[in-house]
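A.B. asks: run-v4.cif (mmCIF, C-alpha atoms and all ligand atoms) pasted underneath:
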data_model
#
loop_
_atom_site.group_PDB
_atom_site.id
_atom_site.type_symbol
_atom_site.label_atom_id
_atom_site.label_comp_id
_atom_site.auth_asym_id
_atom_site.auth_seq_id
_atom_site.Cartn_x
_atom_site.Cartn_y
_atom_site.Cartn_z
ATOM 1 C CA MET A 204 74.364 323.971 -13.341
ATOM 2 C CA SER A 205 73.804 320.229 -13.689
ATOM 3 C CA ARG A 206 74.778 319.762 -10.042
ATOM 4 C CA GLU A 207 72.145 322.297 -8.986
ATOM 5 C CA ARG A 208 69.581 320.646 -11.246
ATOM 6 C CA LEU A 209 70.309 317.216 -9.754
ATOM 7 C CA ALA A 210 69.974 318.610 -6.208
ATOM 8 C CA GLN A 211 66.634 320.102 -7.230
ATOM 9 C CA LEU A 212 65.425 316.807 -8.725
ATOM 10 C CA ILE A 213 66.483 314.826 -5.640
ATOM 11 C CA THR A 214 64.774 317.325 -3.339
ATOM 12 C CA GLU A 215 61.568 317.199 -5.378
ATOM 13 C CA LEU A 216 61.494 313.478 -6.166
ATOM 14 C CA ALA A 217 63.264 311.669 -3.366
ATOM 15 C CA VAL A 218 63.166 313.524 -0.027
ATOM 16 C CA VAL A 219 60.339 312.114 2.069
ATOM 17 C CA HIS A 220 59.522 313.684 5.441
ATOM 18 C CA GLY A 221 58.074 311.544 8.221
ATOM 19 C CA ARG A 222 59.098 308.873 10.716
ATOM 20 C CA VAL A 223 60.974 306.019 9.007
ATOM 21 C CA THR A 224 63.052 303.011 9.995
ATOM 22 C CA LEU A 225 66.462 302.932 8.362
ATOM 23 C CA SER A 226 68.479 299.986 7.069
ATOM 24 C CA SER A 227 70.414 299.983 10.373
ATOM 25 C CA GLY A 228 67.176 299.637 12.383
ATOM 26 C CA LYS A 229 67.458 303.192 13.712
ATOM 27 C CA GLU A 230 64.622 305.690 13.299
ATOM 28 C CA ALA A 231 64.812 309.020 11.480
ATOM 29 C CA ASP A 232 62.533 311.939 10.587
ATOM 30 C CA TYR A 233 63.210 311.863 6.848
ATOM 31 C CA TYR A 234 64.219 309.425 4.146
ATOM 32 C CA VAL A 235 66.072 310.110 0.928
ATOM 33 C CA ASP A 236 64.452 307.577 -1.385
ATOM 34 C CA LEU A 237 67.185 307.876 -3.980
ATOM 35 C CA ARG A 238 65.806 305.165 -6.266
ATOM 36 C CA ARG A 239 63.159 307.730 -7.233
ATOM 37 C CA ALA A 240 66.021 309.809 -8.657
ATOM 38 C CA THR A 241 68.546 307.208 -9.829
ATOM 39 C CA LEU A 242 65.837 305.563 -11.947
ATOM 40 C CA HIS A 243 64.490 308.892 -13.256
ATOM 41 C CA HIS A 244 65.324 309.652 -16.899
ATOM 42 C CA GLU A 245 66.757 313.149 -16.351
ATOM 43 C CA ALA A 246 68.397 312.581 -12.960
ATOM 44 C CA SER A 247 70.159 309.434 -14.185
ATOM 45 C CA ARG A 248 71.713 311.380 -17.062
ATOM 46 C CA LEU A 249 73.163 313.880 -14.577
ATOM 47 C CA ILE A 250 74.357 311.321 -12.001
ATOM 48 C CA GLY A 251 76.841 309.567 -14.307
ATOM 49 C CA PRO A 252 78.799 312.642 -15.424
ATOM 50 C CA LEU A 253 78.737 314.236 -11.970
ATOM 51 C CA LEU A 254 80.114 311.110 -10.279
ATOM 52 C CA ARG A 255 82.763 310.735 -12.983
ATOM 53 C CA GLU A 256 83.739 314.354 -12.284
ATOM 54 C CA LEU A 257 83.756 313.812 -8.492
ATOM 55 C CA THR A 258 86.149 310.866 -8.899
ATOM 56 C CA ALA A 259 88.139 312.183 -11.879
ATOM 57 C CA ASP A 260 91.491 311.861 -10.087
ATOM 58 C CA TRP A 261 90.864 308.211 -9.096
ATOM 59 C CA ASP A 262 92.122 305.529 -11.461
ATOM 60 C CA TYR A 263 89.473 302.789 -11.917
ATOM 61 C CA ASP A 264 87.899 300.917 -14.794
ATOM 62 C CA ALA A 265 84.955 299.221 -13.094
ATOM 63 C CA VAL A 266 82.264 300.538 -10.785
ATOM 64 C CA GLY A 267 79.673 298.828 -8.614
ATOM 65 C CA GLY A 268 78.256 298.385 -5.155
ATOM 66 C CA LEU A 269 75.772 296.531 -3.005
ATOM 67 C CA THR A 270 72.540 295.794 -4.794
ATOM 68 C CA LEU A 271 69.950 297.417 -5.076
ATOM 69 C CA GLY A 272 70.726 301.047 -4.402
ATOM 70 C CA ALA A 273 74.123 301.002 -6.066
ATOM 71 C CA ASP A 274 73.017 299.335 -9.313
ATOM 72 C CA PRO A 275 71.521 302.290 -11.231
ATOM 73 C CA VAL A 276 74.357 304.493 -9.939
ATOM 74 C CA ALA A 277 76.970 302.151 -11.404
ATOM 75 C CA THR A 278 75.220 301.877 -14.765
ATOM 76 C CA ALA A 279 74.789 305.679 -14.934
ATOM 77 C CA ILE A 280 78.566 306.038 -14.577
ATOM 78 C CA MET A 281 79.192 303.282 -17.130
ATOM 79 C CA HIS A 282 76.971 304.985 -19.721
ATOM 80 C CA ALA A 283 78.198 308.544 -19.126
ATOM 81 C CA PRO A 284 80.585 310.073 -21.672
ATOM 82 C CA GLY A 285 84.289 309.441 -21.091
ATOM 83 C CA ARG A 286 86.644 306.489 -20.805
ATOM 84 C CA GLU A 287 85.367 302.906 -20.862
ATOM 85 C CA ILE A 288 84.163 301.777 -17.436
ATOM 86 C CA ASP A 289 82.435 298.460 -16.694
ATOM 87 C CA ALA A 290 79.726 298.009 -14.079
ATOM 88 C CA PHE A 291 79.302 295.214 -11.537
ATOM 89 C CA VAL A 292 76.707 294.222 -8.931
ATOM 90 C CA VAL A 293 77.536 292.939 -5.450
ATOM 91 C CA ARG A 294 74.834 290.560 -4.248
ATOM 92 C CA LYS A 295 73.914 290.606 -0.555
ATOM 93 C CA ALA A 296 74.804 286.899 -0.512
ATOM 94 C CA ALA A 297 76.444 284.674 -3.104
ATOM 95 C CA LYS A 298 73.995 282.960 -5.448
ATOM 96 C CA ALA A 299 73.407 279.338 -4.482
ATOM 97 C CA HIS A 300 73.157 277.972 -8.020
ATOM 98 C CA GLY A 301 74.619 278.707 -11.435
ATOM 99 C CA MET A 302 78.054 280.354 -11.149
ATOM 100 C CA GLN A 303 77.520 280.922 -7.387
ATOM 101 C CA ARG A 304 79.007 284.394 -7.624
ATOM 102 C CA GLN A 305 78.481 287.244 -5.166
ATOM 103 C CA ILE A 306 79.812 289.769 -7.668
ATOM 104 C CA GLU A 307 78.081 289.763 -11.041
ATOM 105 C CA GLY A 308 79.289 291.280 -14.299
ATOM 106 C CA PRO A 309 82.618 291.347 -16.096
ATOM 107 C CA ASP A 310 85.407 289.893 -13.928
ATOM 108 C CA ILE A 311 86.974 292.476 -11.565
ATOM 109 C CA VAL A 312 89.785 290.248 -10.251
ATOM 110 C CA GLY A 313 93.025 292.269 -10.305
ATOM 111 C CA ARG A 314 91.262 295.442 -11.443
ATOM 112 C CA ARG A 315 90.998 298.882 -9.828
ATOM 113 C CA VAL A 316 87.372 299.507 -8.904
ATOM 114 C CA LEU A 317 85.173 302.260 -7.505
ATOM 115 C CA ILE A 318 82.463 301.348 -4.975
ATOM 116 C CA VAL A 319 79.298 303.451 -5.201
ATOM 117 C CA GLU A 320 76.092 303.982 -3.245
ATOM 118 C CA ASP A 321 72.974 306.088 -3.598
ATOM 119 C CA THR A 322 72.501 307.171 0.032
ATOM 120 C CA THR A 323 74.938 306.495 2.843
ATOM 121 C CA THR A 324 73.972 306.393 6.517
ATOM 122 C CA THR A 325 76.136 304.022 8.589
ATOM 123 C CA GLY A 326 78.393 303.096 5.679
ATOM 124 C CA ASN A 327 77.696 299.391 6.208
ATOM 125 C CA SER A 328 76.417 298.831 2.668
ATOM 126 C CA PRO A 329 79.474 300.274 0.882
ATOM 127 C CA LEU A 330 81.750 298.473 3.353
ATOM 128 C CA THR A 331 80.089 295.151 2.544
ATOM 129 C CA ALA A 332 80.773 295.854 -1.138
ATOM 130 C CA VAL A 333 84.379 296.928 -0.418
ATOM 131 C CA ARG A 334 85.069 293.692 1.451
ATOM 132 C CA ALA A 335 83.457 291.509 -1.211
ATOM 133 C CA ALA A 336 85.479 293.226 -3.958
ATOM 134 C CA ARG A 337 88.723 292.894 -1.989
ATOM 135 C CA ASP A 338 87.978 289.263 -1.152
ATOM 136 C CA ILE A 339 87.940 288.306 -4.802
ATOM 137 C CA GLY A 340 91.115 290.274 -5.548
ATOM 138 C CA ALA A 341 90.000 293.702 -6.767
ATOM 139 C CA GLU A 342 91.722 296.895 -5.633
ATOM 140 C CA VAL A 343 89.216 299.409 -4.252
ATOM 141 C CA VAL A 344 90.293 302.971 -5.071
ATOM 142 C CA GLY A 345 87.502 304.707 -3.167
ATOM 143 C CA VAL A 346 83.846 304.958 -2.244
ATOM 144 C CA ALA A 347 81.521 307.552 -3.771
ATOM 145 C CA THR A 348 77.913 308.206 -2.844
ATOM 146 C CA ILE A 349 75.260 310.604 -4.091
ATOM 147 C CA VAL A 350 73.874 311.700 -0.710
ATOM 148 C CA ASP A 351 75.722 311.433 2.584
ATOM 149 C CA ARG A 352 73.424 311.692 5.633
ATOM 150 C CA ALA A 353 76.250 312.938 7.890
ATOM 151 C CA THR A 354 75.889 310.093 10.352
ATOM 152 C CA GLY A 355 79.434 308.765 10.515
ATOM 153 C CA ALA A 356 79.878 306.826 7.258
ATOM 154 C CA ASP A 357 82.940 308.943 6.464
ATOM 155 C CA GLU A 358 84.714 307.754 9.632
ATOM 156 C CA VAL A 359 83.700 304.110 9.199
ATOM 157 C CA ILE A 360 85.014 304.068 5.635
ATOM 158 C CA ALA A 361 88.190 305.986 6.541
ATOM 159 C CA ALA A 362 88.836 303.394 9.275
ATOM 160 C CA GLU A 363 88.967 300.808 6.487
ATOM 161 C CA GLY A 364 91.731 302.890 4.873
ATOM 162 C CA ILE A 365 89.549 304.026 1.981
ATOM 163 C CA GLU A 366 88.809 307.495 0.624
ATOM 164 C CA TYR A 367 85.165 308.561 0.641
ATOM 165 C CA ARG A 368 83.429 311.298 -1.316
ATOM 166 C CA SER A 369 79.814 312.426 -1.662
ATOM 167 C CA LEU A 370 78.091 314.569 -4.267
ATOM 168 C CA PHE A 371 75.667 316.126 -1.792
ATOM 169 C CA GLY A 372 75.400 316.702 1.936
ATOM 170 C CA LEU A 373 72.242 317.476 3.857
ATOM 171 C CA ALA A 374 72.529 321.258 3.374
ATOM 172 C CA ASP A 375 72.483 320.821 -0.421
ATOM 173 C CA LEU A 376 69.029 319.229 -0.119
ATOM 174 C CA GLY A 377 67.591 321.685 2.384
ATOM 175 C CA LEU A 378 67.934 319.120 5.173
ATOM 176 C CA GLY A 379 70.917 320.599 7.042
HETATM 177 O O1 LIG B 1 74.913 303.358 4.867
HETATM 178 P P1 LIG B 1 73.913 302.308 5.245
HETATM 179 O O2 LIG B 1 73.595 302.329 6.715
HETATM 180 O O3 LIG B 1 74.257 300.960 4.735
HETATM 181 O O4 LIG B 1 72.462 302.696 4.654
HETATM 182 C C1 LIG B 1 72.163 303.087 3.393
HETATM 183 C C2 LIG B 1 71.637 301.954 2.556
HETATM 184 O O5 LIG B 1 70.212 301.872 2.709
HETATM 185 C C3 LIG B 1 69.607 301.767 1.432
HETATM 186 O O6 LIG B 1 69.556 300.453 0.990
HETATM 187 P P2 LIG B 1 68.714 299.333 1.754
HETATM 188 O O7 LIG B 1 69.543 298.764 2.871
HETATM 189 O O8 LIG B 1 67.395 299.907 2.137
HETATM 190 O O9 LIG B 1 68.563 298.174 0.721
HETATM 191 P P3 LIG B 1 68.193 298.118 -0.853
HETATM 192 O O10 LIG B 1 69.358 298.759 -1.575
HETATM 193 O O11 LIG B 1 68.117 296.668 -1.116
HETATM 194 O O12 LIG B 1 66.918 298.846 -1.086
HETATM 195 C C4 LIG B 1 70.536 302.560 0.535
HETATM 196 O O13 LIG B 1 70.385 302.212 -0.817
HETATM 197 C C5 LIG B 1 71.894 302.211 1.078
HETATM 198 O O14 LIG B 1 72.394 301.051 0.475
HETATM 199 O O1 LIG B 2 69.767 304.453 6.200
HETATM 200 C C1 LIG B 2 68.963 304.074 5.313
HETATM 201 O O2 LIG B 2 68.460 302.974 5.306
HETATM 202 C C2 LIG B 2 68.568 305.019 4.242
HETATM 203 C C3 LIG B 2 68.442 306.346 4.464
HETATM 204 C C4 LIG B 2 68.017 307.164 3.416
HETATM 205 O O3 LIG B 2 67.854 308.390 3.540
HETATM 206 N N1 LIG B 2 67.761 306.603 2.219
HETATM 207 C C5 LIG B 2 67.891 305.306 2.015
HETATM 208 O O4 LIG B 2 67.625 304.831 0.921
HETATM 209 N N2 LIG B 2 68.298 304.503 3.028
#
Could you write out this structure as structure tokens?

C.D. replies:
Amino acid sequence: MSRERLAQLITELAVVHGRVTLSSGKEADYYVDLRRATLHHEASRLIGPLLRELTADWDYDAVGGLTLGADPVATAIMHAPGREIDAFVVRKAAKAHGMQRQIEGPDIVGRRVLIVEDTTTTGNSPLTAVRAARDIGAEVVGVATIVDRATGADEVIAAEGIEYRSLFGLADLGLG
């Protein structure tokens, strides 16, 4: 039931029809503006438990991804009922001052982590986060996204030797 409700909320709040330019520079006929759902009071409360359920057989104790899309997804998982899970944020580039970190939050060195995303198209954003996490010595157990656009992210992530799961495909949102 909550999965159906989240699909309904995403369809109503976040699916935008019309010509758009994607992060990759390619053009598309629709955009899934997931921030309109991940920052929505009811949708956020569904996202955390559903992503915990989707990844229940993966052993991790920290979750994060490339800012900005991944941030509310990671905190939704952190705050959902269940075991203790920390969140972290992967900056697009390391900060030039202060601690000069690219990954913010509790230290993930030597820990098993889950990389998340809101929408996945090419898979470049989660891969950037995977590489940053590995570079500082975290073990990435998998990548999970809310909406997969069915444009090859699964293969790109598999080529990196990482498992990839999504909560929804295009058909779930009336886009297939
Ligand atoms: O699978 P990909 O081809 O990487 O595309 C999807 C990415 O595009 C969006 O972020 P965007 O790049 O617009 O940046 P933002 O998170 O800073 O808004 C979205 O949140 C994903 O991160
Ligand atoms: O590829 C993207 O940039 C992209 C597609 C989409 O549907 N939603 C989004 O936030 N980004």

A.B. asks: If you count all atoms listed in the file, which residues end up within 7 Å of ligand LIG 1 (chain B), as a ChimeraX atom specification?

C.D. replies: /A:225-227,269-273,320-329,356

A.B. asks: Could you check which of A:Ile288, A:Val235, A:Val312, A:Ala336 is closest to Arg352 (chain A), using all atoms listed in the file?

C.D. replies: A:Val235

A.B. asks: Calculate how many Å separate CA of Glu287 (chain A) from CA of Asp310 (chain A), rounding to one decimal.

C.D. replies: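 About the pair CA of Glu287 (chain A) and CA of Asp310 (chain A): they are 14.7 Å apart.
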
A.B. asks: Since I can't run it myself right now, could you work out what the PyMOL selection byres (((chain A and resi 363) around 12) and not hetatm) selects here and report it as a list of chain:residue names?

C.D. replies: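 This file, filtered by the PyMOL selection byres (((chain A and resi 363) around 12) and not hetatm), leaves A:Gly326, A:Asn327, A:Pro329, A:Leu330, A:Thr331, A:Val333, A:Arg334, A:Arg337, A:Val343, A:Val344, A:Gly345, A:Val346, A:Ala356, A:Asp357, A:Glu358, A:Val359, A:Ile360, A:Ala361, A:Ala362, A:Gly364, A:Ile365, A:Glu366, A:Tyr367.
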
A.B. asks: Determine the residue membership of the PyMOL selection byres (((chain A and resi 375) around 12) and not hetatm) for the file above and supply it as a compact mmCIF listing (two decimals) with C-alpha atoms, keeping the file's coordinate frame.

C.D. replies:
# COMPACT_ATOMS: atom_id res chain seq x y z
CA ARG A 206 74.78 319.76 -10.04
CA GLU A 207 72.14 322.30 -8.99
CA ARG A 208 69.58 320.65 -11.25
CA LEU A 209 70.31 317.22 -9.75
CA ALA A 210 69.97 318.61 -6.21
CA GLN A 211 66.63 320.10 -7.23
CA LEU A 212 65.42 316.81 -8.72
CA ILE A 213 66.48 314.83 -5.64
CA THR A 214 64.77 317.32 -3.34
CA VAL A 218 63.17 313.52 -0.03
CA ILE A 349 75.26 310.60 -4.09
CA VAL A 350 73.87 311.70 -0.71
CA ASP A 351 75.72 311.43 2.58
CA ARG A 352 73.42 311.69 5.63
CA SER A 369 79.81 312.43 -1.66
CA LEU A 370 78.09 314.57 -4.27
CA PHE A 371 75.67 316.13 -1.79
CA GLY A 372 75.40 316.70 1.94
CA LEU A 373 72.24 317.48 3.86
CA ALA A 374 72.53 321.26 3.37
CA LEU A 376 69.03 319.23 -0.12
CA GLY A 377 67.59 321.68 2.38
CA LEU A 378 67.93 319.12 5.17
CA GLY A 379 70.92 320.60 7.04

A.B. asks: Pick from A:Arg238, A:His220, A:Arg315, A:His282: nearest to Arg255 (chain A), with only C-alpha atoms counted?

C.D. replies: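 Distance minimum relative to Arg255 (chain A) lands on A:His282.
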
A.B. asks: When you get a chance, write out N, CA, C and O atoms for region 277-302 of chain A, as an mmCIF file, keeping the file's coordinate frame.

C.D. replies:
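Output (out_13.cif):
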data_model
loop_
_atom_site.group_PDB
_atom_site.id
_atom_site.type_symbol
_atom_site.label_atom_id
_atom_site.label_comp_id
_atom_site.auth_asym_id
_atom_site.auth_seq_id
_atom_site.Cartn_x
_atom_site.Cartn_y
_atom_site.Cartn_z
ATOM 1 N N ALA A 277 75.850 302.723 -10.641
ATOM 2 C CA ALA A 277 76.970 302.151 -11.404
ATOM 3 C C ALA A 277 76.703 302.199 -12.902
ATOM 4 O O ALA A 277 77.589 302.564 -13.690
ATOM 5 N N THR A 278 75.484 301.875 -13.319
ATOM 6 C CA THR A 278 75.220 301.877 -14.765
ATOM 7 C C THR A 278 75.177 303.304 -15.314
ATOM 8 O O THR A 278 75.547 303.530 -16.461
ATOM 9 N N ALA A 279 74.764 304.273 -14.475
ATOM 10 C CA ALA A 279 74.789 305.679 -14.934
ATOM 11 C C ALA A 279 76.228 306.099 -15.226
ATOM 12 O O ALA A 279 76.504 306.768 -16.232
ATOM 13 N N ILE A 280 77.148 305.704 -14.352
ATOM 14 C CA ILE A 280 78.566 306.038 -14.577
ATOM 15 C C ILE A 280 79.078 305.321 -15.823
ATOM 16 O O ILE A 280 79.760 305.921 -16.667
ATOM 17 N N MET A 281 78.736 304.053 -15.964
ATOM 18 C CA MET A 281 79.192 303.282 -17.130
ATOM 19 C C MET A 281 78.753 303.954 -18.431
ATOM 20 O O MET A 281 79.534 304.050 -19.386
ATOM 21 N N HIS A 282 77.506 304.432 -18.475
ATOM 22 C CA HIS A 282 76.971 304.985 -19.721
ATOM 23 C C HIS A 282 77.318 306.456 -19.956
ATOM 24 O O HIS A 282 77.045 306.976 -21.040
ATOM 25 N N ALA A 283 77.876 307.123 -18.956
ATOM 26 C CA ALA A 283 78.198 308.544 -19.126
ATOM 27 C C ALA A 283 79.388 308.700 -20.075
ATOM 28 O O ALA A 283 80.216 307.794 -20.203
ATOM 29 N N PRO A 284 79.470 309.853 -20.745
ATOM 30 C CA PRO A 284 80.585 310.073 -21.672
ATOM 31 C C PRO A 284 81.934 310.005 -20.955
ATOM 32 O O PRO A 284 82.032 310.390 -19.792
ATOM 33 N N GLY A 285 82.946 309.523 -21.668
ATOM 34 C CA GLY A 285 84.289 309.441 -21.091
ATOM 35 C C GLY A 285 84.900 308.089 -21.368
ATOM 36 O O GLY A 285 84.456 307.365 -22.252
ATOM 37 N N ARG A 286 85.923 307.751 -20.575
ATOM 38 C CA ARG A 286 86.644 306.489 -20.805
ATOM 39 C C ARG A 286 85.731 305.287 -20.549
ATOM 40 O O ARG A 286 84.688 305.421 -19.901
ATOM 41 N N GLU A 287 86.170 304.121 -21.026
ATOM 42 C CA GLU A 287 85.367 302.906 -20.862
ATOM 43 C C GLU A 287 85.430 302.414 -19.425
ATOM 44 O O GLU A 287 86.519 302.213 -18.871
ATOM 45 N N ILE A 288 84.266 302.266 -18.816
ATOM 46 C CA ILE A 288 84.163 301.777 -17.436
ATOM 47 C C ILE A 288 83.085 300.696 -17.410
ATOM 48 O O ILE A 288 81.971 300.917 -17.896
ATOM 49 N N ASP A 289 83.416 299.533 -16.852
ATOM 50 C CA ASP A 289 82.435 298.460 -16.694
ATOM 51 C C ASP A 289 81.655 298.658 -15.395
ATOM 52 O O ASP A 289 82.122 299.332 -14.469
ATOM 53 N N ALA A 290 80.504 298.010 -15.321
ATOM 54 C CA ALA A 290 79.726 298.009 -14.079
ATOM 55 C C ALA A 290 79.696 296.595 -13.502
ATOM 56 O O ALA A 290 79.869 295.617 -14.226
ATOM 57 N N PHE A 291 79.507 296.517 -12.177
ATOM 58 C CA PHE A 291 79.302 295.214 -11.537
ATOM 59 C C PHE A 291 78.305 295.379 -10.399
ATOM 60 O O PHE A 291 78.048 296.488 -9.931
ATOM 61 N N VAL A 292 77.720 294.247 -9.992
ATOM 62 C CA VAL A 292 76.707 294.222 -8.931
ATOM 63 C C VAL A 292 77.189 293.295 -7.823
ATOM 64 O O VAL A 292 77.558 292.150 -8.101
ATOM 65 N N VAL A 293 77.190 293.788 -6.597
ATOM 66 C CA VAL A 293 77.536 292.939 -5.450
ATOM 67 C C VAL A 293 76.237 292.452 -4.821
ATOM 68 O O VAL A 293 75.428 293.254 -4.331
ATOM 69 N N ARG A 294 76.017 291.133 -4.880
ATOM 70 C CA ARG A 294 74.834 290.560 -4.248
ATOM 71 C C ARG A 294 74.988 290.602 -2.734
ATOM 72 O O ARG A 294 76.104 290.555 -2.219
ATOM 73 N N LYS A 295 73.842 290.625 -2.021
ATOM 74 C CA LYS A 295 73.914 290.606 -0.555
ATOM 75 C C LYS A 295 74.440 289.258 -0.060
ATOM 76 O O LYS A 295 75.049 289.177 1.003
ATOM 77 N N ALA A 296 74.211 288.213 -0.817
ATOM 78 C CA ALA A 296 74.804 286.899 -0.512
ATOM 79 C C ALA A 296 75.095 286.226 -1.845
ATOM 80 O O ALA A 296 74.407 286.476 -2.835
ATOM 81 N N ALA A 297 76.095 285.365 -1.858
ATOM 82 C CA ALA A 297 76.444 284.674 -3.104
ATOM 83 C C ALA A 297 75.256 283.829 -3.569
ATOM 84 O O ALA A 297 74.522 283.262 -2.765
ATOM 85 N N LYS A 298 75.073 283.761 -4.868
ATOM 86 C CA LYS A 298 73.995 282.960 -5.448
ATOM 87 C C LYS A 298 74.274 281.475 -5.179
ATOM 88 O O LYS A 298 75.427 281.045 -5.224
ATOM 89 N N ALA A 299 73.208 280.735 -4.875
ATOM 90 C CA ALA A 299 73.407 279.338 -4.482
ATOM 91 C C ALA A 299 73.506 278.391 -5.671
ATOM 92 O O ALA A 299 73.955 277.256 -5.541
ATOM 93 N N HIS A 300 73.090 278.854 -6.855
ATOM 94 C CA HIS A 300 73.157 277.972 -8.020
ATOM 95 C C HIS A 300 73.940 278.668 -9.141
ATOM 96 O O HIS A 300 74.559 279.706 -8.900
ATOM 97 N N GLY A 301 73.916 278.095 -10.303
ATOM 98 C CA GLY A 301 74.619 278.707 -11.435
ATOM 99 C C GLY A 301 76.106 278.876 -11.131
ATOM 100 O O GLY A 301 76.776 277.960 -10.672
ATOM 101 N N MET A 302 76.626 280.080 -11.360
ATOM 102 C CA MET A 302 78.054 280.354 -11.149
ATOM 103 C C MET A 302 78.381 280.612 -9.686
ATOM 104 O O MET A 302 79.539 280.787 -9.324
#
